[in-house]
Amino acid sequence: MINVETIETITRSLWISATATLIASLWSMPMAFTLALRRRTVFVEAILEALVGIPAVLLGLILYLLFSSSGPLAFLKLLYTPFAIVIGESLLITPLITSACYRGVRNILKDLRELGLSLGASRFQLLELYIRETYPAVIASIIMGFSRAVGELGIALMVGGNIAGFTRTMTTAIALDVAKGEFEEAIVLGLTLLSTSILASIAVKFITRVDKNDYRVE
Amino acid sequence: MIIELNNVWHRYEGSKKWILREVSVIFREGEAVLITGHNGSGKTTLLKIASFILKPLRGKIYVDKQDFWRLSEEDKLRIRRNIVYVHEKPIMLKGSVVYNVAYPLLLRGCLDDEALEKAMYVLKKLGAEDLAEIDARKLSAGQMQLISIARALILGPKIVFLDEPFAHLDVEKQELIVKVIKEEVSNGNGIVITTHTNHIEYKDLDRIIVMKDGMIIEDRSL
């Protein structure tokens, strides 16, 4: 029932999404931490919330125009490569990871900064303290980002091109299979996507549940 | 060590209201100072500025005649490590009580065993050795307060700023804290306390500061 090509498609989907999540986390976490240490964030928060819901096809279109042969980034020769999908997905999930991480750490980070400074922590020790005390929220936001990336279709289709054995992902394969009326593989891939999302959701619930004890007196 | 605030003004980002206005005051090692005033009079902000947690919007802070905020990061850290500020609402880190108390020593590069041994000693002094292995975030409000004071005292700081240290403690623990504070002062350490209750007798104090609407309206030696 599951052929080699399907397994390859699943594997490719997972590594593309994992890479995109890793890259997005590299800039999303510092942004979330910086935001959490500031007092007036309503404007930035509103922009982030709006960007969380940005349609993937819109981002796909922008990237297509940038990477296409007449676009300003054509020299990179990224169009219809897995790297184009990685870039697109990492941009897509940046607002989600930043926003989720910010919401998870904003209440504790200012207090941790004050505690660390008052107990004589250096800058590096402060960073270590933030990571140690907030890692469940950080990991949960990364998992949420991965979950969104793996289920994304618009970008993978527009800048990846759904090339068999090269840029085909689970979502683009499902779209093609349905168009061709071949539902067997589509169902297998659909179930794999669903399992991935459920597992991610369980992981987020478990991680945030472990960390629910109050850290301070209210 | 002498910390001098010179014409300090402060307001929080996004607020137009000055929390501190024209505040000039000196805190010294070996001195017990009580700061009183109604809620919102600026006591907590004053303590956070004097303990270098907040940088004032206007004015200078001198530590032994040196402008603190113009010092190098290394010098700032060296000075910060001689003073401690204890929050009114204690903050507990993940992990056991003994780890929380030992944490400031671990920051200073103390070996784990040595830090934990010292932490146990301080906990015993405060009658809290039974709490040592408990998850610090599962403590009651009063226990958290006690542990946060223990965490400050383990360092033997030159000046300790205690923000409403009696807020969540029962009478027995309040008396114990007063006893420990007296000991600290007699050892030559400075103590600055904010409170709106009368747990500290005037005979145990060197000075009393009264605040109102962000200003010091009285600074009297006793």
# chains A, B, ... in the order shown; residues from 1 in each chain; ligands from 1
$ closest_atom_pairs --of "segment 13-89 of chain B" --to "segment 95-114 of chain A" --cutoff "10 Å" --atoms "only C-alpha atoms" --output "CSV"
residue,atom,partner,partner_atom,distance
B:Lys48,CA,A:Glu114,CA,8.7
B:Phe52,CA,A:Glu114,CA,9.5
B:Ile53,CA,A:Glu114,CA,6.1
B:Leu54,CA,A:Glu114,CA,8.5
B:Tyr85,CA,A:Glu114,CA,8.8
B:Val86,CA,A:Glu114,CA,9.7
B:His87,CA,A:Glu114,CA,8.8
B:Lys89,CA,A:Asp111,CA,9.8
$ interface_residues --of "chain B" --to "chain A" --cutoff "6 Å" --atoms "only C-alpha atoms" --output "list in words"
Arg80, Arg81, Val84, Tyr85, Lys89, Pro90, Ile91, Met92, Pro104, Arg137 and Ala141 of chain B
$ residues_around --residues "Val180 of chain B" --least-positions-apart "2" --cutoff "10 Å" --atoms "only C-alpha atoms" --output "PyMOL selection string"
chain B and resi 125-126+149-150+153+174-178+182-186
$ write_last_selection --atoms "C-alpha atoms" --output "PDB file, in the first residue's frame"
ATOM      1  CA  LYS B 125      19.024  29.433  60.446  1.00  0.00           C
ATOM      2  CA  LEU B 126      15.556  30.396  59.233  1.00  0.00           C
ATOM      3  CA  ILE B 149      14.999  36.230  51.969  1.00  0.00           C
ATOM      4  CA  ALA B 150      17.214  33.194  52.582  1.00  0.00           C
ATOM      5  CA  LEU B 153      21.119  36.455  52.856  1.00  0.00           C
ATOM      6  CA  GLN B 174       8.116  37.863  61.099  1.00  0.00           C
ATOM      7  CA  GLU B 175       9.921  37.814  64.456  1.00  0.00           C
ATOM      8  CA  LEU B 176      12.523  35.470  63.032  1.00  0.00           C
ATOM      9  CA  ILE B 177      13.143  37.796  60.082  1.00  0.00           C
ATOM     10  CA  VAL B 178      13.467  40.797  62.409  1.00  0.00           C
ATOM     11  CA  LYS B 182      19.261  42.751  63.408  1.00  0.00           C
ATOM     12  CA  GLU B 183      22.056  40.197  63.060  1.00  0.00           C
ATOM     13  CA  GLU B 184      22.869  41.441  59.561  1.00  0.00           C
ATOM     14  CA  VAL B 185      23.081  45.031  60.787  1.00  0.00           C
ATOM     15  CA  SER B 186      25.232  44.070  63.763  1.00  0.00           C
TER      16      SER B 186
END
$ select_by_dssp --residues "chain B" --states "strand (DSSP E)" --output "PyMOL selection string"
chain B and resi 2-10+20-28+32-37+58-63+66-67+83-86+159-163+190-194+207-212+215-221
$ residues_around --residues "Leu205 of chain B" --least-positions-apart "2" --cutoff "12 Å" --atoms "only C-alpha atoms" --output "JSON, numbers by chain"
{"B": [30, 31, 32, 33, 34, 35, 178, 181, 182, 185, 186, 190, 191, 192, 193, 198, 199, 200, 201, 202, 203, 207, 208, 209, 220, 221, 222]}
$ atom_distance --atom1 "atom CA of His10 of chain B" --atom2 "atom CA of Gly42 of chain B"
9.5 Å
$ select_by_dssp --residues "segment 47-187 of chain B" --states "alpha helix (DSSP H)" --output "ChimeraX atom specification"
/B:47-50,73-80,97-107,112-125,141-153,171-186
$ closest_residue --among "A:Thr9, A:Ser147, A:Thr94, A:Thr169" --to "Ser28 of chain A" --atoms "only C-alpha atoms"
A:Thr94
$ residues_around --residues "segment 196-208 of chain A" --least-positions-apart "4" --cutoff "9 Å" --atoms "only C-alpha atoms" --output "list in words"
Pro136, Ala137, Ile139, Ala140, Ser141, Ile143, Met144, Phe146, Ser147, Arg148, Val150, Gly151, Leu191, Thr192 and Lys212 of chain A
$ write_last_selection --atoms "C-alpha atoms" --output "short mmCIF file (atom, residue, chain, number, x, y, z; two decimals), in the first residue's frame"
data_model
loop_
_atom_site.label_atom_id
_atom_site.label_comp_id
_atom_site.auth_asym_id
_atom_site.auth_seq_id
_atom_site.Cartn_x
_atom_site.Cartn_y
_atom_site.Cartn_z
CA PRO A 136 8.65 24.61 27.81
CA ALA A 137 7.02 27.68 26.21
CA ILE A 139 9.60 24.25 22.69
CA ALA A 140 5.80 24.44 22.50
CA SER A 141 5.99 27.41 20.12
CA ILE A 143 6.29 22.55 17.72
CA MET A 144 3.36 24.77 16.75
CA PHE A 146 6.52 22.88 12.70
CA SER A 147 2.90 21.74 12.72
CA ARG A 148 1.88 24.74 10.57
CA VAL A 150 4.24 20.60 7.54
CA GLY A 151 0.60 21.17 6.61
CA LEU A 191 -3.46 10.26 7.66
CA THR A 192 0.30 10.85 8.07
CA LYS A 212 1.98 24.99 35.03
#
$ residues_around --residues "Ala119 of chain B" --least-positions-apart "3" --cutoff "9 Å" --atoms "only C-alpha atoms" --output "ChimeraX atom specification"
/B:98-103,105,114-116,122-124,132,150-151,154
$ write_last_selection --atoms "C-alpha atoms" --output "compact mmCIF listing (two decimals), in the first residue's frame"
# COMPACT_ATOMS: atom_id res chain seq x y z
CA VAL B 98 17.71 24.32 48.41
CA TYR B 99 18.63 24.90 44.74
CA ASN B 100 16.79 28.24 44.81
CA VAL B 101 18.71 29.34 47.91
CA ALA B 102 22.02 28.12 46.47
CA TYR B 103 21.43 29.76 43.07
CA LEU B 105 26.32 31.19 44.87
CA GLU B 114 29.64 23.92 48.67
CA ALA B 115 26.68 26.04 47.51
CA LEU B 116 24.13 23.45 48.61
CA VAL B 122 20.90 29.39 55.85
CA LEU B 123 17.70 27.34 55.67
CA LYS B 124 18.43 25.91 59.14
CA ALA B 132 14.90 21.94 51.40
CA ALA B 150 17.21 33.19 52.58
CA ARG B 151 18.38 33.43 48.95
CA ILE B 154 23.26 33.56 51.63
$ atom_distance --atom1 "atom CA of Met158 of chain A" --atom2 "atom CA of Gly60 of chain A"
5.6 Å
$ residues_around --residues "Ile10 of chain A" --least-positions-apart "3" --cutoff "10 Å" --atoms "only C-alpha atoms" --output "PyMOL selection string"
chain A and resi 4-7+13-15+150+168-171+173+189+192-193
$ closest_residue --among "B:Asp206, B:Glu13, B:Glu88, B:Glu29" --to "Lys55 of chain B" --atoms "only C-alpha atoms"
B:Glu13
